[in-house]
>>> print(open('query_6.txt').read())   # compact mmCIF, C-alpha atoms
# COMPACT_ATOMS: atom_id res chain seq x y z
CA MET T 1 11.96 26.08 -27.54
CA ASN T 2 10.73 22.96 -25.76
CA SER T 3 7.67 21.03 -26.80
CA THR T 4 4.86 20.85 -24.36
CA ILE T 5 2.89 17.83 -23.26
CA GLU T 6 -0.85 17.89 -22.84
CA PHE T 7 -2.43 15.73 -20.19
CA GLN T 8 -5.49 14.45 -21.90
CA ASN T 9 -5.11 10.76 -22.49
CA ASN T 10 -6.57 7.92 -20.44
CA ASP T 11 -3.17 6.68 -19.23
CA ASP T 12 -2.45 9.97 -17.49
CA LEU T 13 -5.85 10.05 -15.82
CA ALA T 14 -5.68 6.36 -14.87
CA PHE T 15 -2.27 6.88 -13.26
CA PHE T 16 -3.43 9.94 -11.33
CA GLY T 17 -6.49 8.04 -10.13
CA LYS T 18 -4.56 4.93 -9.15
CA VAL T 19 -2.01 6.83 -7.06
CA ASN T 20 -4.68 8.93 -5.36
CA ALA T 21 -6.70 5.82 -4.54
CA SER T 22 -3.66 4.21 -2.90
CA ILE T 23 -2.98 7.41 -0.92
CA SER T 24 -6.58 7.54 0.30
CA HIS T 25 -6.29 3.88 1.32
CA GLU T 26 -3.15 4.69 3.32
CA LEU T 27 -4.84 7.67 5.00
CA LYS T 28 -7.82 5.52 5.87
CA ASN T 29 -5.53 2.93 7.46
CA ILE T 30 -3.87 5.67 9.51
CA LEU T 31 -7.23 7.04 10.66
CA ALA T 32 -8.40 3.52 11.49
CA ILE T 33 -5.41 3.07 13.82
CA ILE T 34 -5.95 6.48 15.44
CA SER T 35 -9.63 5.64 15.82
CA GLU T 36 -8.86 2.32 17.55
CA ALA T 37 -6.23 3.96 19.79
CA ALA T 38 -8.70 6.69 20.80
CA GLY T 39 -11.38 4.04 21.37
CA LEU T 40 -9.04 2.01 23.55
CA LEU T 41 -8.15 5.14 25.56
CA GLN T 42 -11.88 5.72 26.03
CA ASP T 43 -12.35 2.11 27.20
CA LEU T 44 -9.48 2.47 29.67
CA THR T 45 -10.85 5.79 30.95
CA GLU T 46 -14.25 4.20 31.58
CA MET T 47 -12.60 1.32 33.40
CA ALA T 48 -10.59 3.72 35.56
CA THR T 49 -13.75 5.73 36.32
CA LYS T 50 -15.39 2.54 37.59
CA GLY T 51 -12.38 1.90 39.81
CA GLN T 52 -11.10 -1.01 37.72
CA LYS T 53 -7.37 -1.55 37.44
CA ILE T 54 -5.84 -0.52 34.13
CA GLU T 55 -2.42 -1.19 32.69
CA PHE T 56 -0.26 1.93 32.56
CA GLU T 57 1.73 0.39 29.71
CA MET T 58 -1.42 0.19 27.59
CA LEU T 59 -2.06 3.94 28.06
CA LYS T 60 1.51 4.68 27.06
CA THR T 61 1.31 2.52 23.93
CA CYS T 62 -1.97 4.11 22.83
CA SER T 63 -0.68 7.68 23.17
CA GLN T 64 2.57 6.78 21.42
CA ASP T 65 0.69 5.10 18.55
CA ILE T 66 -1.52 8.15 18.08
CA VAL T 67 1.53 10.45 17.87
CA GLU T 68 3.30 8.10 15.42
CA GLU T 69 0.27 7.70 13.19
CA ILE T 70 -0.30 11.46 13.05
CA GLN T 71 3.31 11.85 11.88
CA ARG T 72 2.73 9.09 9.31
CA GLY T 73 -0.36 10.98 8.15
CA PHE T 74 1.55 14.24 7.75
CA ALA T 75 4.28 12.47 5.77
CA THR T 76 1.62 10.90 3.52
CA ILE T 77 -0.10 14.25 2.91
CA LYS T 78 3.27 15.86 2.11
CA ARG T 79 3.86 13.21 -0.57
CA MET T 80 0.33 13.56 -1.86
CA ASN T 81 0.92 17.28 -2.21
CA ALA T 82 4.22 16.77 -4.05
CA PHE T 83 2.53 14.30 -6.40
CA SER T 84 -0.42 16.60 -7.10
CA HIS T 85 1.88 19.53 -7.88
CA SER T 86 3.89 17.42 -10.31
CA MET T 87 1.22 18.31 -12.87
CA ASP T 88 1.79 22.06 -12.48
CA ASP T 89 4.56 22.21 -15.08
CA THR T 90 4.24 19.79 -17.94
CA VAL T 91 7.95 20.12 -18.68
CA LYS T 92 10.70 21.13 -16.26
CA ASN T 93 14.08 20.23 -14.82
CA VAL T 94 13.79 17.51 -12.19
CA ASN T 95 16.22 15.60 -10.06
CA ILE T 96 15.72 11.90 -10.84
CA VAL T 97 16.59 11.00 -7.25
CA ASP T 98 13.65 13.05 -5.94
CA VAL T 99 11.27 11.51 -8.46
CA VAL T 100 12.34 7.94 -7.68
CA ASP T 101 12.19 8.65 -3.95
CA LEU T 102 8.61 9.95 -4.18
CA MET T 103 7.43 7.10 -6.38
CA VAL T 104 8.98 4.46 -4.11
CA ALA T 105 7.20 6.03 -1.11
CA LEU T 106 3.86 6.09 -2.96
CA ALA T 107 4.23 2.61 -4.46
CA LYS T 108 4.84 1.19 -0.98
CA PHE T 109 1.17 1.85 -0.26
CA LEU T 110 0.33 -1.00 -2.65
CA SER T 111 -0.74 -4.05 -0.68
CA PHE T 112 1.65 -6.33 -2.61
CA ALA T 113 4.69 -4.02 -2.33
CA SER T 114 8.05 -5.73 -1.96
CA LYS T 115 10.89 -4.40 0.14
CA VAL T 116 12.95 -1.78 -1.72
CA ARG T 117 16.68 -1.23 -1.40
CA LEU T 118 17.73 2.08 -2.88
CA ASP T 119 21.44 2.44 -3.65
CA PRO T 120 23.28 5.31 -1.94
CA LEU T 121 22.49 8.51 -3.81
CA PRO T 122 24.88 9.37 -6.64
CA GLU T 123 27.40 12.14 -5.97
CA ALA T 124 26.80 13.73 -9.36
CA GLU T 125 23.40 15.34 -9.84
CA ALA T 126 20.96 13.52 -12.06
CA VAL T 127 18.93 16.49 -13.29
CA VAL T 128 17.01 16.10 -16.54
CA LEU T 129 14.54 18.17 -18.54
CA THR T 130 11.42 16.08 -18.83
CA CYS T 131 7.72 15.79 -18.13
CA PRO T 132 7.78 14.96 -14.39
CA PHE T 133 4.28 13.49 -14.40
CA ARG T 134 4.99 11.06 -17.25
CA LEU T 135 8.35 10.08 -15.73
CA GLN T 136 6.56 9.37 -12.46
CA ASN T 137 4.04 7.23 -14.33
CA LEU T 138 6.83 5.22 -15.93
CA ILE T 139 8.71 4.69 -12.65
CA TYR T 140 5.47 3.73 -10.88
CA ARG T 141 4.75 1.19 -13.62
CA ALA T 142 8.27 -0.18 -13.24
CA LEU T 143 7.81 -0.53 -9.48
CA PHE T 144 4.38 -2.11 -9.94
CA PHE T 145 5.84 -4.69 -12.32
CA ALA T 146 8.89 -5.32 -10.08
CA PHE T 147 6.66 -5.81 -7.01
CA GLU T 148 4.45 -8.26 -8.88
CA SER T 149 7.53 -10.19 -10.01
CA ALA T 150 9.33 -10.17 -6.65
CA GLY T 151 6.29 -10.70 -4.39
CA PRO T 152 5.65 -9.20 -0.94
CA ASP T 153 8.53 -11.17 0.64
CA GLY T 154 11.00 -10.23 -2.12
CA GLU T 155 13.35 -7.27 -2.28
CA ILE T 156 13.97 -5.15 -5.32
CA HIS T 157 17.07 -3.08 -5.82
CA ILE T 158 17.06 0.36 -7.42
CA ALA T 159 20.17 2.20 -8.59
CA ILE T 160 20.39 5.65 -10.18
CA GLN T 161 23.45 6.33 -12.28
CA PRO T 162 24.04 9.74 -13.90
CA GLN T 163 25.93 9.35 -17.20
CA PRO T 164 28.68 11.60 -18.66
CA ASN T 165 26.33 12.58 -21.51
CA GLY T 166 23.80 14.01 -19.03
CA SER T 167 21.34 11.15 -19.21
CA ALA T 168 20.52 9.00 -16.19
CA HIS T 169 20.03 5.25 -15.87
CA ILE T 170 17.50 3.93 -13.35
CA THR T 171 18.04 0.21 -12.80
CA PHE T 172 15.41 -2.04 -11.20
CA SER T 173 16.86 -5.44 -10.35
CA GLY T 174 16.88 -8.46 -8.04
CA PHE T 175 13.72 -10.15 -9.33
CA ASP T 176 12.80 -12.49 -12.12
CA PRO T 177 11.70 -10.33 -15.05
CA GLY T 178 10.48 -13.49 -16.81
CA ASN T 179 7.30 -11.88 -18.02
CA ALA T 180 8.93 -8.56 -18.92
CA ARG T 181 6.59 -8.23 -21.88
CA SER T 182 3.82 -7.20 -19.52
CA PHE T 183 5.97 -4.28 -18.41
CA THR T 184 6.86 -3.19 -21.92
CA SER T 185 3.20 -3.13 -22.92
CA ASP T 186 2.00 -0.77 -25.61
CA GLU T 187 0.80 1.72 -22.97
CA THR T 188 4.17 1.71 -21.19
CA LYS T 189 6.06 2.09 -24.49
CA LYS T 190 3.82 4.99 -25.46
CA ILE T 191 4.60 6.81 -22.19
CA ALA T 192 8.33 6.09 -22.54
CA VAL T 193 8.42 7.32 -26.13
CA SER T 194 6.54 10.52 -25.20
CA ILE T 195 9.44 11.54 -22.93
CA GLY T 196 12.28 9.92 -24.89
CA VAL T 197 12.96 7.18 -22.33
CA ASP T 198 14.51 3.94 -23.53
CA ILE T 199 13.66 0.69 -21.70
CA ARG T 200 16.35 -1.99 -21.76
CA GLU T 201 16.56 -5.43 -20.23
CA ALA T 202 19.38 -5.92 -17.73
CA THR T 203 19.49 -9.71 -17.89
CA GLU T 204 22.68 -10.16 -15.86
CA LEU T 205 21.17 -8.11 -13.02
CA ARG T 206 17.77 -9.85 -13.30
CA GLY T 207 15.87 -6.68 -14.08
CA PHE T 208 15.62 -3.79 -16.49
CA GLU T 209 16.66 -0.18 -16.75
CA LEU T 210 15.12 3.09 -17.81
CA ILE T 211 17.44 5.40 -19.71
CA VAL T 212 16.23 8.93 -19.16
CA PRO T 213 17.68 11.52 -21.56
CA GLU T 214 19.09 14.84 -20.33
CA ASN T 215 16.58 16.66 -22.53
CA PHE T 216 13.49 14.72 -23.61
CA ASP T 217 12.77 17.19 -26.38
CA ALA T 218 16.13 16.72 -28.10
CA VAL T 219 15.49 12.97 -28.24
CA ARG T 220 11.96 13.38 -29.54
CA GLN T 221 13.14 15.69 -32.31
CA SER T 222 16.12 13.57 -33.33
CA MET A 1 -17.26 -17.16 21.22
CA LYS A 2 -13.80 -17.73 19.70
CA VAL A 3 -12.69 -15.16 17.12
CA ILE A 4 -9.63 -14.72 14.92
CA LEU A 5 -8.71 -11.28 13.58
CA VAL A 6 -6.42 -11.01 10.54
CA ASP A 7 -5.07 -7.60 9.49
CA ASP A 8 -1.63 -6.63 8.18
CA GLU A 9 -1.79 -3.27 10.01
CA LYS A 10 -0.18 -4.52 13.22
CA LYS A 11 -1.20 -1.60 15.43
CA PHE A 12 -4.79 -1.73 14.23
CA ALA A 13 -5.04 -5.47 14.85
CA THR A 14 -3.45 -5.20 18.29
CA MET A 15 -5.77 -2.43 19.47
CA LEU A 16 -8.96 -3.83 18.01
CA ALA A 17 -8.17 -7.21 19.55
CA LYS A 18 -7.61 -5.57 22.96
CA ARG A 19 -10.91 -3.71 22.70
CA LEU A 20 -12.78 -6.89 21.81
CA ALA A 21 -11.03 -8.77 24.63
CA LEU A 22 -12.14 -6.07 27.08
CA ARG A 23 -15.70 -6.85 25.93
CA GLY A 24 -15.33 -10.50 26.75
CA ILE A 25 -14.44 -11.87 23.32
CA ASP A 26 -11.94 -14.73 23.24
CA ILE A 27 -9.74 -13.46 20.43
CA ASP A 28 -6.52 -14.32 18.63
CA TYR A 29 -4.97 -11.97 16.11
CA VAL A 30 -2.37 -12.41 13.37
CA ASN A 31 -1.00 -10.16 10.64
CA THR A 32 -0.89 -12.49 7.64
CA GLY A 33 -3.20 -14.92 5.90
CA GLU A 34 -0.52 -17.57 6.14
CA ASP A 35 -0.39 -17.28 9.95
CA ALA A 36 -4.19 -17.36 10.09
CA ILE A 37 -4.26 -20.71 8.31
CA VAL A 38 -1.70 -22.15 10.71
CA LYS A 39 -3.80 -20.95 13.67
CA ALA A 40 -7.04 -22.25 12.17
CA GLU A 41 -5.48 -25.69 11.64
CA MET A 42 -4.77 -25.87 15.36
CA GLU A 43 -7.86 -24.20 16.82
CA ARG A 44 -11.54 -23.91 16.04
CA TYR A 45 -12.88 -20.39 15.53
CA ASP A 46 -16.54 -19.36 15.39
CA VAL A 47 -15.79 -16.14 13.50
CA ALA A 48 -12.93 -14.78 11.38
CA ILE A 49 -12.58 -11.03 10.92
CA LEU A 50 -10.50 -10.50 7.78
CA ASP A 51 -8.96 -7.45 6.15
CA VAL A 52 -9.73 -7.59 2.42
CA LYS A 53 -6.40 -6.25 1.17
CA MET A 54 -3.30 -7.90 2.58
CA PRO A 55 0.07 -8.84 1.11
CA GLY A 56 0.41 -12.53 0.24
CA ILE A 57 -2.88 -14.31 0.88
CA GLY A 58 -5.55 -11.61 0.72
CA GLY A 59 -8.85 -11.66 2.59
CA ILE A 60 -10.93 -13.16 -0.21
CA GLU A 61 -8.56 -16.08 -0.80
CA LEU A 62 -8.18 -16.56 2.94
CA GLU A 63 -11.95 -16.85 3.36
CA ARG A 64 -11.95 -19.77 0.90
CA LYS A 65 -9.09 -21.52 2.69
CA LEU A 66 -10.63 -21.05 6.13
CA LYS A 67 -13.98 -22.33 4.90
CA GLU A 68 -12.22 -25.45 3.60
CA LEU A 69 -10.91 -26.04 7.12
CA ASP A 70 -14.23 -25.24 8.78
CA PRO A 71 -17.33 -24.64 6.64
CA CYS A 72 -19.24 -23.39 9.71
CA MET A 73 -16.85 -20.50 10.38
CA LYS A 74 -18.53 -17.10 9.94
CA ILE A 75 -16.62 -14.44 8.06
CA ILE A 76 -16.64 -10.67 8.56
CA PHE A 77 -14.64 -8.58 6.09
CA LEU A 78 -12.96 -5.30 6.99
CA THR A 79 -12.43 -3.01 4.02
CA GLY A 80 -10.27 0.06 3.63
CA HIS A 81 -12.79 2.01 1.63
CA GLY A 82 -16.15 0.39 1.97
CA SER A 83 -16.57 1.19 -1.69
CA GLU A 84 -18.77 -0.83 -4.01
CA THR A 85 -15.73 -2.22 -5.80
CA ASP A 86 -14.37 -3.55 -2.51
CA PHE A 87 -17.66 -5.29 -1.82
CA GLU A 88 -17.90 -6.71 -5.31
CA THR A 89 -14.61 -8.55 -4.86
CA GLY A 90 -15.91 -10.30 -1.75
CA SER A 91 -17.68 -13.57 -1.42
CA ALA A 92 -21.45 -13.79 -1.44
CA GLU A 93 -21.17 -16.15 1.54
CA ALA A 94 -19.47 -13.62 3.79
CA ALA A 95 -21.51 -12.68 6.82
CA CYS A 96 -20.90 -8.98 6.30
CA TYR A 97 -18.55 -6.18 5.40
CA LEU A 98 -17.45 -3.35 7.65
CA ALA A 99 -15.64 -0.25 6.44
CA LYS A 100 -12.72 1.09 8.46
CA PRO A 101 -12.68 2.93 10.80
CA ILE A 102 -15.10 0.57 12.47
CA GLN A 103 -17.57 1.25 15.27
CA ILE A 104 -16.87 -1.20 18.08
CA ASP A 105 -20.54 -1.41 19.14
CA GLU A 106 -21.56 -2.24 15.57
CA LEU A 107 -18.90 -4.95 15.36
CA MET A 108 -20.02 -6.41 18.70
CA LYS A 109 -23.63 -6.46 17.50
CA ILE A 110 -22.62 -8.25 14.30
CA LEU A 111 -20.51 -10.78 16.18
CA HIS A 112 -23.49 -11.69 18.34
CA GLU A 113 -25.84 -11.81 15.36
CA VAL A 114 -23.68 -14.12 13.24
CA THR A 115 -23.07 -16.52 16.10
CA GLY A 116 -26.77 -16.62 16.98
>>> encode(input="query_6.txt", output="structure tokens")
Amino acid sequence: MNSTIEFQNNDDLAFFGKVNASISHELKNILAIISEAAGLLQDLTEMATKGQKIEFEMLKTCSQDIVEEIQRGFATIKRMNAFSHSMDDTVKNVNIVDVVDLMVALAKFLSFASKVRLDPLPEAEAVVLTCPFRLQNLIYRALFFAFESAGPDGEIHIAIQPQPNGSAHITFSGFDPGNARSFTSDETKKIAVSIGVDIREATELRGFELIVPENFDAVRQS
Amino acid sequence: MKVILVDDEKKFATMLAKRLALRGIDIDYVNTGEDAIVKAEMERYDVAILDVKMPGIGGIELERKLKELDPCMKIIFLTGHGSETDFETGSAEAACYLAKPIQIDELMKILHEVTG
């Protein structure tokens, strides 16, 4: 029988709050654009009513921007929903690719986010039994640290490699991990240990990797 | 009145600048703090409208740099949330803070107030 994980510590709550705050910031940005586009349409309508000449191209751009931003809003809400439901099951089988994909999308809402290059998806499935919420927290922390190290003009590289023993390696590279100690803080280590994840430096790649076991419970009990 | 608008959300900056231009404001807009400094070194602006959170040079740091170039420049901050924590990070010297989405009439009123 698998162990369970109880969400009751400050790290879990802080992570949930941080991600939700960044999502609300993104939604507010989207609404601000829609609001300006609607306002501009209103301005143009008033001008047309007064018989003033208006640029057709401006009308087209406004309508197009509204449609695009609504789509961006729907995509954001879909991710918000996926993130919120990640707390439904404290332990379950998850595909690492899906988890990384979601966290990259959410971390990009951070104002200092770097560009991210995700390696082509592995052919073999990278499915592990873990606590999805804690794994998300760890990946988000890794992205946060990588973004801070690489800067907004930098590009970080992420690779997911399923291993023959069922574990999966997630490598974050392409930046200077000079101050890697701030990533492997006590809080980060505590989260990693709780789901059996090992954090290793990947010096030759200028980064680090997370080694996610096939079954977190087997590692915790060994 | 010469105004510079700095916001990393390109569409937002473009549309807000157009709306202000339609109201007779002489406005330039850029999407980074770095570009704003380059502009401000070449031209004199009465007011800078700055997004608080931007990649690279954020709004708060940009305010300081712009004030070094021109201490008379008035600053209006745009914030994503309008929350107390956003305001706390700002400078006490800033003319005011506006939460997004903004009301164009309110912004126009503030622009006229700060420029006397």
>>> atom_distance(input="query_6.txt", atom1="atom CA of Phe74 of chain T", atom2="atom CA of Ile30 of chain T")
10.3 Å
>>> closest_residue(input="query_6.txt", among="A:Tyr29, A:Ala17, A:Leu69, A:Gly58", to="Leu107 of chain A", atoms="only C-alpha atoms")
A:Ala17
>>> closest_atom_pairs(input="query_6.txt", of="chain T", to="chain A", cutoff="9 Å", atoms="all atoms listed in the file", output="Markdown table")
| residue | atom | partner | partner_atom | distance |
| --- | --- | --- | --- | --- |
| T:Ser24 | CA | A:His81 | CA | 8.4 |
| T:His25 | CA | A:Gly80 | CA | 6.0 |
| T:Glu26 | CA | A:Gly80 | CA | 8.5 |
| T:Lys28 | CA | A:Gly80 | CA | 6.4 |
| T:Asn29 | CA | A:Gly80 | CA | 6.7 |
| T:Ile30 | CA | A:Phe12 | CA | 8.8 |
| T:Leu31 | CA | A:Pro101 | CA | 6.8 |
| T:Ala32 | CA | A:Pro101 | CA | 4.4 |
| T:Ile33 | CA | A:Phe12 | CA | 4.9 |
| T:Ile34 | CA | A:Phe12 | CA | 8.4 |
| T:Ser35 | CA | A:Pro101 | CA | 6.5 |
| T:Glu36 | CA | A:Met15 | CA | 6.0 |
| T:Ala37 | CA | A:Met15 | CA | 6.4 |
| T:Gly39 | CA | A:Arg19 | CA | 7.9 |
| T:Leu40 | CA | A:Arg19 | CA | 6.1 |
| T:Asp43 | CA | A:Arg19 | CA | 7.5 |
| T:Cys62 | CA | A:Met15 | CA | 8.3 |
| T:Asp65 | CA | A:Lys11 | CA | 7.6 |
| T:Leu110 | CA | A:Pro55 | CA | 8.7 |
| T:Ser111 | CA | A:Pro55 | CA | 5.2 |
| T:Phe112 | CA | A:Pro55 | CA | 4.8 |
| T:Ala113 | CA | A:Pro55 | CA | 7.5 |
| T:Gly151 | CA | A:Gly56 | CA | 7.7 |
| T:Pro152 | CA | A:Pro55 | CA | 6.0 |
| T:Asp153 | CA | A:Gly56 | CA | 8.2 |
>>> atom_distance(input="query_6.txt", atom1="atom CA of Lys190 of chain T", atom2="atom CA of Thr90 of chain T")
16.6 Å
>>> residues_around(input="query_6.txt", residues="segment 34-36 of chain A", least_positions_apart="6", cutoff="10 Å", atoms="all atoms listed in the file", output="list in words")
Ile4, Leu5, Val6, Asp7, Asp28, Ala48, Leu50, Gly56, Ile57, Gly58, Leu62, Lys65 and Leu66 of chain A
>>> write_last_selection(input="query_6.txt", atoms="C-alpha atoms", output="mmCIF file, keeping the file's coordinate frame")
data_model
loop_
_atom_site.group_PDB
_atom_site.id
_atom_site.type_symbol
_atom_site.label_atom_id
_atom_site.label_comp_id
_atom_site.auth_asym_id
_atom_site.auth_seq_id
_atom_site.Cartn_x
_atom_site.Cartn_y
_atom_site.Cartn_z
ATOM 1 C CA ILE A 4 -9.630 -14.720 14.920
ATOM 2 C CA LEU A 5 -8.710 -11.280 13.580
ATOM 3 C CA VAL A 6 -6.420 -11.010 10.540
ATOM 4 C CA ASP A 7 -5.070 -7.600 9.490
ATOM 5 C CA ASP A 28 -6.520 -14.320 18.630
ATOM 6 C CA ALA A 48 -12.930 -14.780 11.380
ATOM 7 C CA LEU A 50 -10.500 -10.500 7.780
ATOM 8 C CA GLY A 56 0.410 -12.530 0.240
ATOM 9 C CA ILE A 57 -2.880 -14.310 0.880
ATOM 10 C CA GLY A 58 -5.550 -11.610 0.720
ATOM 11 C CA LEU A 62 -8.180 -16.560 2.940
ATOM 12 C CA LYS A 65 -9.090 -21.520 2.690
ATOM 13 C CA LEU A 66 -10.630 -21.050 6.130
#
>>> atom_distance(input="query_6.txt", atom1="atom CA of Ala126 of chain T", atom2="atom CA of Ala21 of chain T")
29.7 Å
>>> residues_around(input="query_6.txt", residues="Ala75 of chain T", least_positions_apart="2", cutoff="12 Å", atoms="all atoms listed in the file", output="list in words")
Ile23, Glu26, Leu27, Ile30, Glu68, Glu69, Ile70, Gln71, Arg72, Gly73, Ile77, Lys78, Arg79, Met80, Asn81, Ala82, Leu102, Ala105 and Leu106 of chain T
>>> build_atoms(input="query_6.txt", residues="segment 196-212 of chain T", atoms="N, CA, C and O atoms", output="tab-separated table (two decimals), in the frame of the given file")
chain	number	residue	atom	x	y	z
T	196	GLY	N	10.96	10.32	-24.38
T	196	GLY	CA	12.28	9.92	-24.89
T	196	GLY	C	13.02	8.91	-24.05
T	196	GLY	O	14.24	8.79	-24.14
T	197	VAL	N	12.30	8.16	-23.21
T	197	VAL	CA	12.96	7.18	-22.33
T	197	VAL	C	13.09	5.84	-23.07
T	197	VAL	O	12.15	5.39	-23.71
T	198	ASP	N	14.26	5.24	-22.93
T	198	ASP	CA	14.51	3.94	-23.53
T	198	ASP	C	14.43	2.88	-22.42
T	198	ASP	O	14.98	3.09	-21.33
T	199	ILE	N	13.75	1.78	-22.70
T	199	ILE	CA	13.66	0.69	-21.70
T	199	ILE	C	14.51	-0.47	-22.19
T	199	ILE	O	14.32	-0.95	-23.30
T	200	ARG	N	15.47	-0.88	-21.36
T	200	ARG	CA	16.35	-1.99	-21.76
T	200	ARG	C	16.34	-3.09	-20.71
T	200	ARG	O	16.28	-2.80	-19.51
T	201	GLU	N	16.45	-4.31	-21.17
T	201	GLU	CA	16.56	-5.43	-20.23
T	201	GLU	C	17.95	-5.43	-19.63
T	201	GLU	O	18.93	-5.10	-20.31
T	202	ALA	N	18.07	-5.77	-18.36
T	202	ALA	CA	19.38	-5.92	-17.73
T	202	ALA	C	19.44	-7.37	-17.23
T	202	ALA	O	19.28	-7.64	-16.04
T	203	THR	N	19.59	-8.28	-18.18
T	203	THR	CA	19.49	-9.71	-17.89
T	203	THR	C	20.44	-10.16	-16.78
T	203	THR	O	20.04	-10.90	-15.88
T	204	GLU	N	21.71	-9.70	-16.85
T	204	GLU	CA	22.68	-10.16	-15.86
T	204	GLU	C	22.33	-9.71	-14.44
T	204	GLU	O	22.70	-10.33	-13.46
T	205	LEU	N	21.58	-8.62	-14.34
T	205	LEU	CA	21.17	-8.11	-13.02
T	205	LEU	C	19.79	-8.63	-12.62
T	205	LEU	O	19.28	-8.32	-11.54
T	206	ARG	N	19.15	-9.39	-13.47
T	206	ARG	CA	17.77	-9.85	-13.30
T	206	ARG	C	16.84	-8.64	-13.11
T	206	ARG	O	16.28	-8.40	-12.06
T	207	GLY	N	16.74	-7.86	-14.15
T	207	GLY	CA	15.87	-6.68	-14.08
T	207	GLY	C	15.86	-5.92	-15.39
T	207	GLY	O	16.08	-6.50	-16.45
T	208	PHE	N	15.62	-4.63	-15.29
T	208	PHE	CA	15.62	-3.79	-16.49
T	208	PHE	C	16.00	-2.37	-16.09
T	208	PHE	O	16.05	-2.04	-14.90
T	209	GLU	N	16.31	-1.55	-17.09
T	209	GLU	CA	16.66	-0.18	-16.75
T	209	GLU	C	15.94	0.82	-17.64
T	209	GLU	O	15.59	0.53	-18.79
T	210	LEU	N	15.71	1.99	-17.08
T	210	LEU	CA	15.12	3.09	-17.81
T	210	LEU	C	16.24	4.08	-18.10
T	210	LEU	O	16.95	4.50	-17.18
T	211	ILE	N	16.40	4.43	-19.36
T	211	ILE	CA	17.44	5.40	-19.71
T	211	ILE	C	16.75	6.73	-20.00
T	211	ILE	O	16.04	6.88	-21.00
T	212	VAL	N	16.94	7.65	-19.07
T	212	VAL	CA	16.23	8.93	-19.16
T	212	VAL	C	17.17	9.97	-19.77
T	212	VAL	O	18.24	10.24	-19.23
